>>> print(open('query33.cif').read())   # mmCIF, C-alpha atoms
data_data
#
loop_
_atom_site.group_PDB
_atom_site.id
_atom_site.type_symbol
_atom_site.label_atom_id
_atom_site.label_comp_id
_atom_site.auth_asym_id
_atom_site.auth_seq_id
_atom_site.Cartn_x
_atom_site.Cartn_y
_atom_site.Cartn_z
ATOM 1 C CA MET A 290 0.000 0.000 0.000
ATOM 2 C CA ALA A 291 1.240 3.436 -0.943
ATOM 3 C CA ALA A 292 -1.086 5.124 1.530
ATOM 4 C CA THR A 293 0.705 7.525 3.795
ATOM 5 C CA THR A 294 -0.062 8.068 7.430
ATOM 6 C CA GLN A 295 -0.462 11.730 6.515
ATOM 7 C CA ASP A 296 -3.382 10.972 4.172
ATOM 8 C CA GLU A 297 -5.127 8.961 6.857
ATOM 9 C CA ALA A 298 -4.519 11.724 9.400
ATOM 10 C CA ASP A 299 -5.824 14.359 6.982
ATOM 11 C CA ILE A 300 -9.008 12.359 6.369
ATOM 12 C CA ARG A 301 -9.491 11.737 10.083
ATOM 13 C CA ALA A 302 -9.136 15.482 10.740
ATOM 14 C CA PHE A 303 -11.562 16.233 7.914
ATOM 15 C CA ILE A 304 -14.176 13.919 9.463
ATOM 16 C CA GLU A 305 -13.700 15.540 12.883
ATOM 17 C CA ARG A 306 -14.277 19.015 11.415
ATOM 18 C CA TRP A 307 -17.245 17.809 9.360
ATOM 19 C CA THR A 308 -19.023 16.028 12.241
ATOM 20 C CA ALA A 309 -18.500 19.111 14.424
ATOM 21 C CA ALA A 310 -20.069 21.246 11.676
ATOM 22 C CA VAL A 311 -23.039 18.861 11.528
ATOM 23 C CA ARG A 312 -23.472 19.001 15.310
ATOM 24 C CA ASN A 313 -23.500 22.834 15.069
ATOM 25 C CA HIS A 314 -25.825 23.010 12.025
ATOM 26 C CA ASP A 315 -23.014 24.923 10.303
ATOM 27 C CA TYR A 316 -23.962 24.506 6.636
ATOM 28 C CA GLU A 317 -20.750 26.104 5.390
ATOM 29 C CA GLY A 318 -18.698 23.597 7.357
ATOM 30 C CA VAL A 319 -20.950 20.681 6.400
ATOM 31 C CA LEU A 320 -20.558 21.408 2.683
ATOM 32 C CA ALA A 321 -16.874 22.391 2.778
ATOM 33 C CA GLY A 322 -14.728 19.944 0.876
ATOM 34 C CA HIS A 323 -17.648 18.312 -0.924
ATOM 35 C CA ASP A 324 -17.401 17.767 -4.655
ATOM 36 C CA SER A 325 -19.964 19.403 -6.957
ATOM 37 C CA ASP A 326 -20.755 15.929 -8.358
ATOM 38 C CA ILE A 327 -21.289 14.274 -4.968
ATOM 39 C CA ILE A 328 -23.540 11.212 -4.924
ATOM 40 C CA MET A 329 -25.412 10.954 -1.607
ATOM 41 C CA PHE A 330 -27.287 7.887 -0.352
ATOM 42 C CA ASP A 331 -29.016 9.075 2.838
ATOM 43 C CA VAL A 332 -30.837 7.282 5.659
ATOM 44 C CA PRO A 333 -34.314 8.566 4.659
ATOM 45 C CA PRO A 334 -35.597 8.728 1.050
ATOM 46 C CA PRO A 335 -34.911 9.629 -1.708
ATOM 47 C CA LEU A 336 -32.967 6.672 -3.124
ATOM 48 C CA GLN A 337 -30.165 9.043 -4.129
ATOM 49 C CA SER A 338 -29.275 12.752 -4.178
ATOM 50 C CA ARG A 339 -26.820 14.186 -6.708
ATOM 51 C CA GLY A 340 -24.867 17.435 -6.613
ATOM 52 C CA LEU A 341 -24.391 20.005 -3.861
ATOM 53 C CA GLU A 342 -27.917 21.464 -3.990
ATOM 54 C CA GLU A 343 -29.561 18.084 -3.450
ATOM 55 C CA TYR A 344 -26.880 17.192 -0.877
ATOM 56 C CA ARG A 345 -27.653 20.383 1.056
ATOM 57 C CA ARG A 346 -31.352 19.524 1.131
ATOM 58 C CA THR A 347 -30.621 16.211 2.871
ATOM 59 C CA TRP A 348 -29.239 18.299 5.745
ATOM 60 C CA ASP A 349 -32.349 20.513 5.830
ATOM 61 C CA LEU A 350 -34.277 17.335 6.572
ATOM 62 C CA PHE A 351 -31.762 16.088 9.152
ATOM 63 C CA PHE A 352 -31.669 19.436 10.972
ATOM 64 C CA SER A 353 -35.473 19.394 11.292
ATOM 65 C CA TRP A 354 -34.955 16.353 13.552
ATOM 66 C CA HIS A 355 -31.494 16.851 15.095
ATOM 67 C CA ARG A 356 -30.884 19.751 17.510
ATOM 68 C CA PRO A 357 -27.462 21.397 17.919
ATOM 69 C CA SER A 358 -26.952 19.738 21.284
ATOM 70 C CA ASP A 359 -27.609 16.246 19.909
ATOM 71 C CA ALA A 360 -25.067 13.613 18.914
ATOM 72 C CA PHE A 361 -23.520 13.135 15.480
ATOM 73 C CA ASP A 362 -20.576 11.066 16.573
ATOM 74 C CA VAL A 363 -18.101 8.588 15.150
ATOM 75 C CA ARG A 364 -18.068 5.364 17.188
ATOM 76 C CA GLU A 365 -15.786 3.249 14.976
ATOM 77 C CA LEU A 366 -13.741 4.408 12.003
ATOM 78 C CA GLU A 367 -11.486 2.708 9.452
ATOM 79 C CA ILE A 368 -9.699 4.624 6.733
ATOM 80 C CA ILE A 369 -8.356 3.005 3.571
ATOM 81 C CA ALA A 370 -6.306 5.570 1.690
ATOM 82 C CA GLY A 371 -4.486 5.354 -1.614
ATOM 83 C CA ARG A 372 -2.740 8.257 -3.283
ATOM 84 C CA GLU A 373 -5.781 9.576 -5.219
ATOM 85 C CA VAL A 374 -8.815 7.759 -3.784
ATOM 86 C CA ALA A 375 -9.726 6.929 -0.190
ATOM 87 C CA LEU A 376 -12.528 5.373 1.760
ATOM 88 C CA ALA A 377 -13.777 5.957 5.309
ATOM 89 C CA ILE A 378 -15.964 3.266 6.895
ATOM 90 C CA ALA A 379 -17.716 4.259 10.105
ATOM 91 C CA LEU A 380 -20.269 3.282 12.671
ATOM 92 C CA MET A 381 -22.041 6.424 13.823
ATOM 93 C CA ARG A 382 -24.566 7.555 16.410
ATOM 94 C CA CYS A 383 -26.863 10.527 16.128
ATOM 95 C CA GLY A 384 -29.676 11.939 18.201
ATOM 96 C CA GLY A 385 -32.849 13.868 17.523
ATOM 97 C CA ALA A 386 -36.463 14.397 18.459
ATOM 98 C CA GLY A 387 -38.817 11.425 18.069
ATOM 99 C CA LYS A 388 -42.426 11.768 16.951
ATOM 100 C CA ASP A 389 -43.500 12.344 20.547
ATOM 101 C CA GLY A 390 -40.866 15.095 20.896
ATOM 102 C CA GLN A 391 -38.744 12.970 23.197
ATOM 103 C CA HIS A 392 -35.007 12.621 22.555
ATOM 104 C CA THR A 393 -34.065 9.483 20.640
ATOM 105 C CA GLU A 394 -30.745 8.062 19.421
ATOM 106 C CA LEU A 395 -29.959 6.175 16.250
ATOM 107 C CA ASP A 396 -26.978 3.996 15.312
ATOM 108 C CA PHE A 397 -26.173 4.088 11.616
ATOM 109 C CA ARG A 398 -23.512 3.063 9.088
ATOM 110 C CA LEU A 399 -21.559 5.596 7.053
ATOM 111 C CA THR A 400 -19.236 5.113 4.082
ATOM 112 C CA ILE A 401 -17.451 8.176 2.690
ATOM 113 C CA GLY A 402 -15.578 8.206 -0.612
ATOM 114 C CA PHE A 403 -12.781 10.744 -1.140
ATOM 115 C CA ARG A 404 -10.806 11.850 -4.179
ATOM 116 C CA LYS A 405 -7.667 13.953 -3.887
ATOM 117 C CA LEU A 406 -7.829 17.064 -6.075
ATOM 118 C CA ASN A 407 -5.018 19.619 -6.145
ATOM 119 C CA GLY A 408 -3.520 18.050 -3.047
ATOM 120 C CA SER A 409 -6.707 18.125 -0.941
ATOM 121 C CA TRP A 410 -9.129 15.334 -0.127
ATOM 122 C CA ARG A 411 -12.671 16.045 -1.328
ATOM 123 C CA VAL A 412 -15.839 14.046 -0.628
ATOM 124 C CA VAL A 413 -17.310 12.505 -3.791
ATOM 125 C CA HIS A 414 -19.705 10.064 -2.118
ATOM 126 C CA GLU A 415 -21.556 9.492 1.148
ATOM 127 C CA HIS A 416 -23.675 6.473 1.982
ATOM 128 C CA HIS A 417 -25.611 6.658 5.272
ATOM 129 C CA SER A 418 -27.986 3.856 6.269
ATOM 130 C CA VAL A 419 -29.653 1.825 8.969
ATOM 131 C CA PRO A 420 -30.453 -1.875 8.605
ATOM 132 C CA ALA A 421 -33.893 -2.375 7.072
ATOM 133 C CA THR A 422 -36.665 -3.498 9.384
ATOM 134 C CA ASP A 423 -39.310 -5.963 8.192
ATOM 135 C CA GLU A 424 -42.266 -4.142 6.776
ATOM 136 C CA MET B 163 -6.542 11.727 -11.642
ATOM 137 C CA ALA B 164 -4.089 8.910 -12.118
ATOM 138 C CA ALA B 165 -6.867 6.364 -12.597
ATOM 139 C CA THR B 166 -6.437 4.298 -15.700
ATOM 140 C CA THR B 167 -9.216 3.189 -17.959
ATOM 141 C CA GLN B 168 -7.886 -0.338 -17.451
ATOM 142 C CA ASP B 169 -8.555 -0.170 -13.694
ATOM 143 C CA GLU B 170 -12.114 0.990 -14.311
ATOM 144 C CA ALA B 171 -12.616 -1.760 -16.898
ATOM 145 C CA ASP B 172 -11.199 -4.380 -14.516
ATOM 146 C CA ILE B 173 -13.556 -3.278 -11.744
ATOM 147 C CA ARG B 174 -16.536 -3.212 -14.101
ATOM 148 C CA ALA B 175 -15.703 -6.764 -15.240
ATOM 149 C CA PHE B 176 -15.302 -7.843 -11.605
ATOM 150 C CA ILE B 177 -18.770 -6.521 -10.769
ATOM 151 C CA GLU B 178 -20.280 -8.307 -13.782
ATOM 152 C CA ARG B 179 -18.746 -11.636 -12.682
ATOM 153 C CA TRP B 180 -19.782 -11.072 -9.074
ATOM 154 C CA THR B 181 -23.417 -10.157 -9.824
ATOM 155 C CA ALA B 182 -23.661 -13.207 -12.137
ATOM 156 C CA ALA B 183 -22.333 -15.381 -9.284
ATOM 157 C CA VAL B 184 -24.962 -13.900 -6.941
ATOM 158 C CA ARG B 185 -27.731 -14.577 -9.477
ATOM 159 C CA ASN B 186 -26.540 -18.209 -9.693
ATOM 160 C CA HIS B 187 -26.081 -18.691 -5.900
ATOM 161 C CA ASP B 188 -22.457 -19.568 -6.696
ATOM 162 C CA TYR B 189 -20.785 -19.024 -3.306
ATOM 163 C CA GLU B 190 -17.287 -19.531 -4.682
ATOM 164 C CA GLY B 191 -17.872 -16.789 -7.238
ATOM 165 C CA VAL B 192 -19.598 -14.526 -4.723
ATOM 166 C CA LEU B 193 -16.662 -14.712 -2.305
ATOM 167 C CA ALA B 194 -13.894 -14.635 -4.937
ATOM 168 C CA GLY B 195 -11.806 -11.502 -4.693
ATOM 169 C CA HIS B 196 -13.097 -10.551 -1.238
ATOM 170 C CA ASP B 197 -10.592 -9.565 1.425
ATOM 171 C CA SER B 198 -10.391 -11.583 4.649
ATOM 172 C CA ASP B 199 -10.962 -8.338 6.583
ATOM 173 C CA ILE B 200 -14.043 -7.259 4.601
ATOM 174 C CA ILE B 201 -16.473 -4.955 6.392
ATOM 175 C CA MET B 202 -20.050 -5.587 5.207
ATOM 176 C CA PHE B 203 -23.033 -3.308 5.861
ATOM 177 C CA ASP B 204 -26.028 -5.262 4.521
ATOM 178 C CA VAL B 205 -29.671 -4.352 3.853
ATOM 179 C CA PRO B 206 -31.056 -6.438 6.766
ATOM 180 C CA PRO B 207 -29.519 -6.561 10.258
ATOM 181 C CA PRO B 208 -26.953 -6.933 11.762
ATOM 182 C CA LEU B 209 -25.476 -3.418 11.825
ATOM 183 C CA GLN B 210 -22.208 -4.804 10.427
ATOM 184 C CA SER B 211 -20.532 -8.097 9.487
ATOM 185 C CA ARG B 212 -16.755 -8.507 9.568
ATOM 186 C CA GLY B 213 -14.571 -11.085 7.857
ATOM 187 C CA LEU B 214 -15.355 -13.704 5.229
ATOM 188 C CA GLU B 215 -17.317 -16.064 7.505
ATOM 189 C CA GLU B 216 -19.754 -13.346 8.543
ATOM 190 C CA TYR B 217 -19.837 -12.033 4.969
ATOM 191 C CA ARG B 218 -20.781 -15.499 3.703
ATOM 192 C CA ARG B 219 -23.652 -15.703 6.202
ATOM 193 C CA THR B 220 -25.205 -12.525 4.797
ATOM 194 C CA TRP B 221 -25.575 -14.453 1.509
ATOM 195 C CA ASP B 222 -27.190 -17.442 3.275
ATOM 196 C CA LEU B 223 -29.887 -15.003 4.357
ATOM 197 C CA PHE B 224 -30.199 -13.411 0.916
ATOM 198 C CA PHE B 225 -30.424 -16.781 -0.856
ATOM 199 C CA SER B 226 -33.284 -17.818 1.433
ATOM 200 C CA TRP B 227 -35.279 -15.011 -0.253
ATOM 201 C CA HIS B 228 -33.746 -14.700 -3.750
ATOM 202 C CA ARG B 229 -34.140 -17.543 -6.259
ATOM 203 C CA PRO B 230 -31.552 -18.236 -8.992
ATOM 204 C CA SER B 231 -33.914 -16.876 -11.660
ATOM 205 C CA ASP B 232 -34.417 -13.559 -9.828
ATOM 206 C CA ALA B 233 -32.717 -10.241 -10.491
ATOM 207 C CA PHE B 234 -29.490 -8.999 -8.918
ATOM 208 C CA ASP B 235 -28.745 -6.322 -11.453
ATOM 209 C CA VAL B 236 -26.754 -3.120 -11.785
ATOM 210 C CA ARG B 237 -28.979 -0.255 -12.981
ATOM 211 C CA GLU B 238 -26.505 2.638 -12.622
ATOM 212 C CA LEU B 239 -22.782 2.417 -11.904
ATOM 213 C CA GLU B 240 -20.001 4.930 -11.338
ATOM 214 C CA ILE B 241 -16.418 3.881 -10.712
ATOM 215 C CA ILE B 242 -13.823 6.140 -9.087
ATOM 216 C CA ALA B 243 -10.437 4.455 -9.335
ATOM 217 C CA GLY B 244 -7.038 5.512 -8.086
ATOM 218 C CA ARG B 245 -3.910 3.386 -8.304
ATOM 219 C CA GLU B 246 -4.397 1.505 -5.013
ATOM 220 C CA VAL B 247 -7.960 2.258 -3.860
ATOM 221 C CA ALA B 248 -11.196 2.419 -5.829
ATOM 222 C CA LEU B 249 -14.882 2.942 -5.235
ATOM 223 C CA ALA B 250 -17.938 1.643 -7.090
ATOM 224 C CA ILE B 251 -21.254 3.452 -6.525
ATOM 225 C CA ALA B 252 -24.327 1.665 -7.843
ATOM 226 C CA LEU B 253 -28.082 1.628 -7.943
ATOM 227 C CA MET B 254 -29.207 -1.995 -7.958
ATOM 228 C CA ARG B 255 -32.379 -4.043 -8.317
ATOM 229 C CA CYS B 256 -32.953 -7.494 -6.901
ATOM 230 C CA GLY B 257 -35.908 -9.848 -6.727
ATOM 231 C CA GLY B 258 -37.128 -12.485 -4.314
ATOM 232 C CA ALA B 259 -40.112 -14.072 -2.654
ATOM 233 C CA GLY B 260 -42.299 -11.827 -0.506
ATOM 234 C CA LYS B 261 -43.969 -12.999 2.681
ATOM 235 C CA ASP B 262 -46.932 -14.263 0.678
ATOM 236 C CA GLY B 263 -44.572 -16.222 -1.600
ATOM 237 C CA GLN B 264 -45.216 -13.860 -4.504
ATOM 238 C CA HIS B 265 -42.314 -12.438 -6.471
ATOM 239 C CA THR B 266 -41.246 -8.960 -5.346
ATOM 240 C CA GLU B 267 -38.525 -6.559 -6.507
ATOM 241 C CA LEU B 268 -36.382 -4.188 -4.472
ATOM 242 C CA ASP B 269 -34.286 -1.188 -5.516
ATOM 243 C CA PHE B 270 -31.244 -0.665 -3.323
ATOM 244 C CA ARG B 271 -28.009 1.322 -3.123
ATOM 245 C CA LEU B 272 -24.602 -0.338 -3.172
ATOM 246 C CA THR B 273 -21.153 1.084 -2.467
ATOM 247 C CA ILE B 274 -18.141 -1.209 -2.959
ATOM 248 C CA GLY B 275 -14.638 -0.359 -1.759
ATOM 249 C CA PHE B 276 -11.649 -1.955 -3.501
ATOM 250 C CA ARG B 277 -7.958 -2.134 -2.684
ATOM 251 C CA LYS B 278 -5.380 -3.330 -5.198
ATOM 252 C CA LEU B 279 -3.193 -6.114 -3.816
ATOM 253 C CA ASN B 280 -0.481 -7.789 -5.915
ATOM 254 C CA GLY B 281 -1.924 -6.212 -9.031
ATOM 255 C CA SER B 282 -5.522 -7.382 -8.468
ATOM 256 C CA TRP B 283 -8.511 -5.465 -7.156
ATOM 257 C CA ARG B 284 -9.984 -6.974 -3.997
ATOM 258 C CA VAL B 285 -13.204 -6.014 -2.202
ATOM 259 C CA VAL B 286 -12.541 -4.614 1.281
ATOM 260 C CA HIS B 287 -15.989 -3.113 1.897
ATOM 261 C CA GLU B 288 -19.610 -3.428 0.772
ATOM 262 C CA HIS B 289 -22.462 -1.213 1.889
ATOM 263 C CA HIS B 290 -25.944 -2.284 0.731
ATOM 264 C CA SER B 291 -29.034 -0.362 1.860
ATOM 265 C CA VAL B 292 -32.541 0.829 1.182
ATOM 266 C CA PRO B 293 -33.874 4.195 2.394
ATOM 267 C CA ALA B 294 -35.375 3.871 5.869
ATOM 268 C CA THR B 295 -39.151 3.930 6.112
ATOM 269 C CA ASP B 296 -40.864 5.684 9.001
ATOM 270 C CA GLU B 297 -41.523 3.293 11.856
#
>>> encode(input="query33.cif", output="structure tokens")
Amino acid sequence: MAATTQDEADIRAFIERWTAAVRNHDYEGVLAGHDSDIIMFDVPPPLQSRGLEEYRRTWDLFFSWHRPSDAFDVRELEIIAGREVALAIALMRCGGAGKDGQHTELDFRLTIGFRKLNGSWRVVHEHHSVPATDE
Amino acid sequence: MAATTQDEADIRAFIERWTAAVRNHDYEGVLAGHDSDIIMFDVPPPLQSRGLEEYRRTWDLFFSWHRPSDAFDVRELEIIAGREVALAIALMRCGGAGKDGQHTELDFRLTIGFRKLNGSWRVVHEHHSVPATDE
């Protein structure tokens, strides 16, 4: 593997900044470093969102549920970094307001795809999900 | 980008062989090219499966629902390939037997993470999901 420790450290730092921005409902921070062609697979519908405008709207929905004091935390994280493409695989926990208004927490899976452009890692893909329950 | 067309073609061919193996319930083909440390996020629970033994069990569950004549098809596919790490982002459709025994089809999202080892692409991560429905 040609991955450098520096690439992994840079991606880890990126994820720390990004999750902090999510916790603070800081849209500028949430979108920083995201590619204009991002493909987003989110926990709720739709099946996919493409591009920064659609990506931003997925956060409108999330922030209608999550409050700034709630969790959006990395519980487990593995980073697989090459020189131009990298992958982050995480187990996450977030919190928000349930239908009855009471605080609820949710464990979910997150895969992030990165591409290095002009020396910086940029997010080209996010896939957030929970296991499907029987309908 | 240092990605070569050959890497993208190799990954596309890998995915064609792998989906054909899934359609045929060919375990050897399904597991071929998968890393011993694979991290699997599947459509149904559990939250994650790690390693080839747990990965194989996710297919036991799938093959109890899917029949060899049913779909396991790529509908849209994007490949982002570097020299050592690559990402496949797909919209998929599969078919199986619903609770009433009738044939049913399911659209799902699939992200595959690859690492090149000894000149061959190997799968280190799969993330399959459907959007969550309100509970």
>>> resolve_selection(input="query33.cif", expression="the PyMOL selection byres ((chain B) within 8 of (chain A))", output="list in words")
Met163, Ala164, Phe203, Asp204, Val205, Pro206, Pro207, Pro208, Leu209, Ile242, Ala243, Gly244, Arg245, Glu246, Val247, Ala248, Leu249, Phe270, Arg271, Thr273, Gly275, Leu279, His289, Ser291, Val292, Pro293, Ala294 and Thr295 of chain B
>>> closest_residue(input="query33.cif", among="B:Trp221, B:Gly195, B:Trp227, B:Asn186", to="Ser282 of chain B", atoms="all atoms listed in the file")
B:Gly195
>>> residues_around(input="query33.cif", residues="His314 of chain A", least_positions_apart="6", cutoff="9 Å", atoms="only C-alpha atoms", output="PyMOL selection string")
chain A and resi 348+352+355-357
>>> calpha_fit_and_write(input="query33.cif", fixed="chain A", moving="chain B", output="mmCIF file with C-alpha atoms, in the coordinates of the input")
data_model
loop_
_atom_site.group_PDB
_atom_site.id
_atom_site.type_symbol
_atom_site.label_atom_id
_atom_site.label_comp_id
_atom_site.auth_asym_id
_atom_site.auth_seq_id
_atom_site.Cartn_x
_atom_site.Cartn_y
_atom_site.Cartn_z
ATOM 1 C CA MET B 163 -0.056 -0.048 0.026
ATOM 2 C CA ALA B 164 1.189 3.370 -0.947
ATOM 3 C CA ALA B 165 -1.125 5.089 1.526
ATOM 4 C CA THR B 166 0.665 7.517 3.758
ATOM 5 C CA THR B 167 -0.072 8.056 7.395
ATOM 6 C CA GLN B 168 -0.457 11.736 6.515
ATOM 7 C CA ASP B 169 -3.370 10.985 4.161
ATOM 8 C CA GLU B 170 -5.115 8.964 6.856
ATOM 9 C CA ALA B 171 -4.504 11.733 9.400
ATOM 10 C CA ASP B 172 -5.822 14.368 6.978
ATOM 11 C CA ILE B 173 -8.997 12.367 6.374
ATOM 12 C CA ARG B 174 -9.486 11.739 10.089
ATOM 13 C CA ALA B 175 -9.129 15.484 10.761
ATOM 14 C CA PHE B 176 -11.561 16.232 7.921
ATOM 15 C CA ILE B 177 -14.163 13.925 9.464
ATOM 16 C CA GLU B 178 -13.704 15.541 12.888
ATOM 17 C CA ARG B 179 -14.284 19.024 11.413
ATOM 18 C CA TRP B 180 -17.245 17.811 9.371
ATOM 19 C CA THR B 181 -19.022 16.017 12.241
ATOM 20 C CA ALA B 182 -18.496 19.114 14.443
ATOM 21 C CA ALA B 183 -20.066 21.248 11.684
ATOM 22 C CA VAL B 184 -23.041 18.856 11.537
ATOM 23 C CA ARG B 185 -23.469 19.015 15.325
ATOM 24 C CA ASN B 186 -23.498 22.835 15.085
ATOM 25 C CA HIS B 187 -25.830 23.012 12.025
ATOM 26 C CA ASP B 188 -23.023 24.933 10.302
ATOM 27 C CA TYR B 189 -23.962 24.507 6.625
ATOM 28 C CA GLU B 190 -20.756 26.103 5.375
ATOM 29 C CA GLY B 191 -18.711 23.599 7.359
ATOM 30 C CA VAL B 192 -20.957 20.690 6.401
ATOM 31 C CA LEU B 193 -20.573 21.415 2.682
ATOM 32 C CA ALA B 194 -16.880 22.388 2.784
ATOM 33 C CA GLY B 195 -14.727 19.943 0.879
ATOM 34 C CA HIS B 196 -17.657 18.306 -0.922
ATOM 35 C CA ASP B 197 -17.412 17.765 -4.662
ATOM 36 C CA SER B 198 -19.969 19.400 -6.964
ATOM 37 C CA ASP B 199 -20.756 15.934 -8.365
ATOM 38 C CA ILE B 200 -21.285 14.269 -4.968
ATOM 39 C CA ILE B 201 -23.529 11.206 -4.928
ATOM 40 C CA MET B 202 -25.403 10.953 -1.608
ATOM 41 C CA PHE B 203 -27.283 7.885 -0.356
ATOM 42 C CA ASP B 204 -29.014 9.072 2.835
ATOM 43 C CA VAL B 205 -30.852 7.272 5.650
ATOM 44 C CA PRO B 206 -34.324 8.569 4.639
ATOM 45 C CA PRO B 207 -35.608 8.732 1.048
ATOM 46 C CA PRO B 208 -34.925 9.631 -1.729
ATOM 47 C CA LEU B 209 -32.972 6.673 -3.134
ATOM 48 C CA GLN B 210 -30.153 9.047 -4.121
ATOM 49 C CA SER B 211 -29.271 12.756 -4.184
ATOM 50 C CA ARG B 212 -26.812 14.178 -6.708
ATOM 51 C CA GLY B 213 -24.868 17.427 -6.615
ATOM 52 C CA LEU B 214 -24.389 19.997 -3.868
ATOM 53 C CA GLU B 215 -27.914 21.466 -3.996
ATOM 54 C CA GLU B 216 -29.549 18.086 -3.438
ATOM 55 C CA TYR B 217 -26.872 17.195 -0.879
ATOM 56 C CA ARG B 218 -27.642 20.384 1.057
ATOM 57 C CA ARG B 219 -31.354 19.518 1.137
ATOM 58 C CA THR B 220 -30.625 16.207 2.865
ATOM 59 C CA TRP B 221 -29.230 18.302 5.751
ATOM 60 C CA ASP B 222 -32.349 20.522 5.839
ATOM 61 C CA LEU B 223 -34.270 17.333 6.567
ATOM 62 C CA PHE B 224 -31.764 16.098 9.149
ATOM 63 C CA PHE B 225 -31.672 19.447 10.972
ATOM 64 C CA SER B 226 -35.466 19.403 11.289
ATOM 65 C CA TRP B 227 -34.960 16.355 13.559
ATOM 66 C CA HIS B 228 -31.487 16.858 15.095
ATOM 67 C CA ARG B 229 -30.878 19.736 17.519
ATOM 68 C CA PRO B 230 -27.455 21.406 17.897
ATOM 69 C CA SER B 231 -26.951 19.745 21.293
ATOM 70 C CA ASP B 232 -27.603 16.240 19.915
ATOM 71 C CA ALA B 233 -25.067 13.610 18.920
ATOM 72 C CA PHE B 234 -23.526 13.142 15.479
ATOM 73 C CA ASP B 235 -20.588 11.063 16.572
ATOM 74 C CA VAL B 236 -18.102 8.588 15.151
ATOM 75 C CA ARG B 237 -18.065 5.368 17.206
ATOM 76 C CA GLU B 238 -15.787 3.247 14.986
ATOM 77 C CA LEU B 239 -13.736 4.405 12.006
ATOM 78 C CA GLU B 240 -11.487 2.709 9.470
ATOM 79 C CA ILE B 241 -9.700 4.629 6.741
ATOM 80 C CA ILE B 242 -8.353 3.010 3.572
ATOM 81 C CA ALA B 243 -6.299 5.578 1.688
ATOM 82 C CA GLY B 244 -4.474 5.369 -1.607
ATOM 83 C CA ARG B 245 -2.740 8.284 -3.294
ATOM 84 C CA GLU B 246 -5.782 9.591 -5.203
ATOM 85 C CA VAL B 247 -8.817 7.767 -3.771
ATOM 86 C CA ALA B 248 -9.715 6.935 -0.183
ATOM 87 C CA LEU B 249 -12.528 5.357 1.769
ATOM 88 C CA ALA B 250 -13.778 5.957 5.311
ATOM 89 C CA ILE B 251 -15.961 3.255 6.900
ATOM 90 C CA ALA B 252 -17.714 4.259 10.108
ATOM 91 C CA LEU B 253 -20.268 3.272 12.680
ATOM 92 C CA MET B 254 -22.038 6.425 13.828
ATOM 93 C CA ARG B 255 -24.569 7.547 16.420
ATOM 94 C CA CYS B 256 -26.859 10.533 16.125
ATOM 95 C CA GLY B 257 -29.677 11.950 18.211
ATOM 96 C CA GLY B 258 -32.853 13.872 17.520
ATOM 97 C CA ALA B 259 -36.467 14.387 18.444
ATOM 98 C CA GLY B 260 -38.795 11.409 18.065
ATOM 99 C CA LYS B 261 -42.395 11.724 16.942
ATOM 100 C CA ASP B 262 -43.473 12.333 20.528
ATOM 101 C CA GLY B 263 -40.860 15.100 20.857
ATOM 102 C CA GLN B 264 -38.729 12.980 23.179
ATOM 103 C CA HIS B 265 -35.013 12.633 22.555
ATOM 104 C CA THR B 266 -34.060 9.483 20.639
ATOM 105 C CA GLU B 267 -30.736 8.064 19.433
ATOM 106 C CA LEU B 268 -29.945 6.168 16.249
ATOM 107 C CA ASP B 269 -26.968 3.992 15.307
ATOM 108 C CA PHE B 270 -26.165 4.093 11.608
ATOM 109 C CA ARG B 271 -23.502 3.063 9.098
ATOM 110 C CA LEU B 272 -21.558 5.592 7.050
ATOM 111 C CA THR B 273 -19.237 5.107 4.085
ATOM 112 C CA ILE B 274 -17.448 8.179 2.696
ATOM 113 C CA GLY B 275 -15.575 8.202 -0.610
ATOM 114 C CA PHE B 276 -12.780 10.737 -1.134
ATOM 115 C CA ARG B 277 -10.806 11.836 -4.170
ATOM 116 C CA LYS B 278 -7.674 13.959 -3.893
ATOM 117 C CA LEU B 279 -7.838 17.071 -6.069
ATOM 118 C CA ASN B 280 -5.020 19.645 -6.136
ATOM 119 C CA GLY B 281 -3.520 18.078 -3.042
ATOM 120 C CA SER B 282 -6.718 18.145 -0.944
ATOM 121 C CA TRP B 283 -9.139 15.349 -0.136
ATOM 122 C CA ARG B 284 -12.676 16.044 -1.333
ATOM 123 C CA VAL B 285 -15.842 14.046 -0.626
ATOM 124 C CA VAL B 286 -17.308 12.515 -3.794
ATOM 125 C CA HIS B 287 -19.700 10.065 -2.121
ATOM 126 C CA GLU B 288 -21.558 9.491 1.149
ATOM 127 C CA HIS B 289 -23.672 6.470 1.979
ATOM 128 C CA HIS B 290 -25.619 6.660 5.263
ATOM 129 C CA SER B 291 -27.987 3.851 6.273
ATOM 130 C CA VAL B 292 -29.647 1.822 8.975
ATOM 131 C CA PRO B 293 -30.451 -1.892 8.601
ATOM 132 C CA ALA B 294 -33.891 -2.371 7.062
ATOM 133 C CA THR B 295 -36.661 -3.493 9.383
ATOM 134 C CA ASP B 296 -39.287 -5.952 8.194
ATOM 135 C CA GLU B 297 -42.300 -4.158 6.777
#
>>> residues_around(input="query33.cif", residues="Thr266 of chain B", least_positions_apart="4", cutoff="9 Å", atoms="only C-alpha atoms", output="JSON, numbers by chain")
{"B": [256, 257, 258, 259, 260]}
>>> closest_residue(input="query33.cif", among="B:Phe224, B:Phe234, B:Tyr189, B:Trp283", to="Ala171 of chain B", atoms="all atoms listed in the file")
B:Trp283
>>> atom_distance(input="query33.cif", atom1="atom CA of Arg382 of chain A", atom2="atom CA of Val363 of chain A")
6.7 Å
>>> resolve_selection(input="query33.cif", expression="the PyMOL selection byres ((chain A and resi 345) around 12)", output="JSON, numbers by chain")
{"A": [311, 314, 315, 316, 317, 318, 319, 320, 321, 323, 325, 327, 328, 329, 331, 338, 339, 340, 341, 342, 343, 344, 346, 347, 348, 349, 350, 351, 352]}
>>> atom_distance(input="query33.cif", atom1="atom CA of Ala309 of chain A", atom2="atom CA of Ala360 of chain A")
9.7 Å
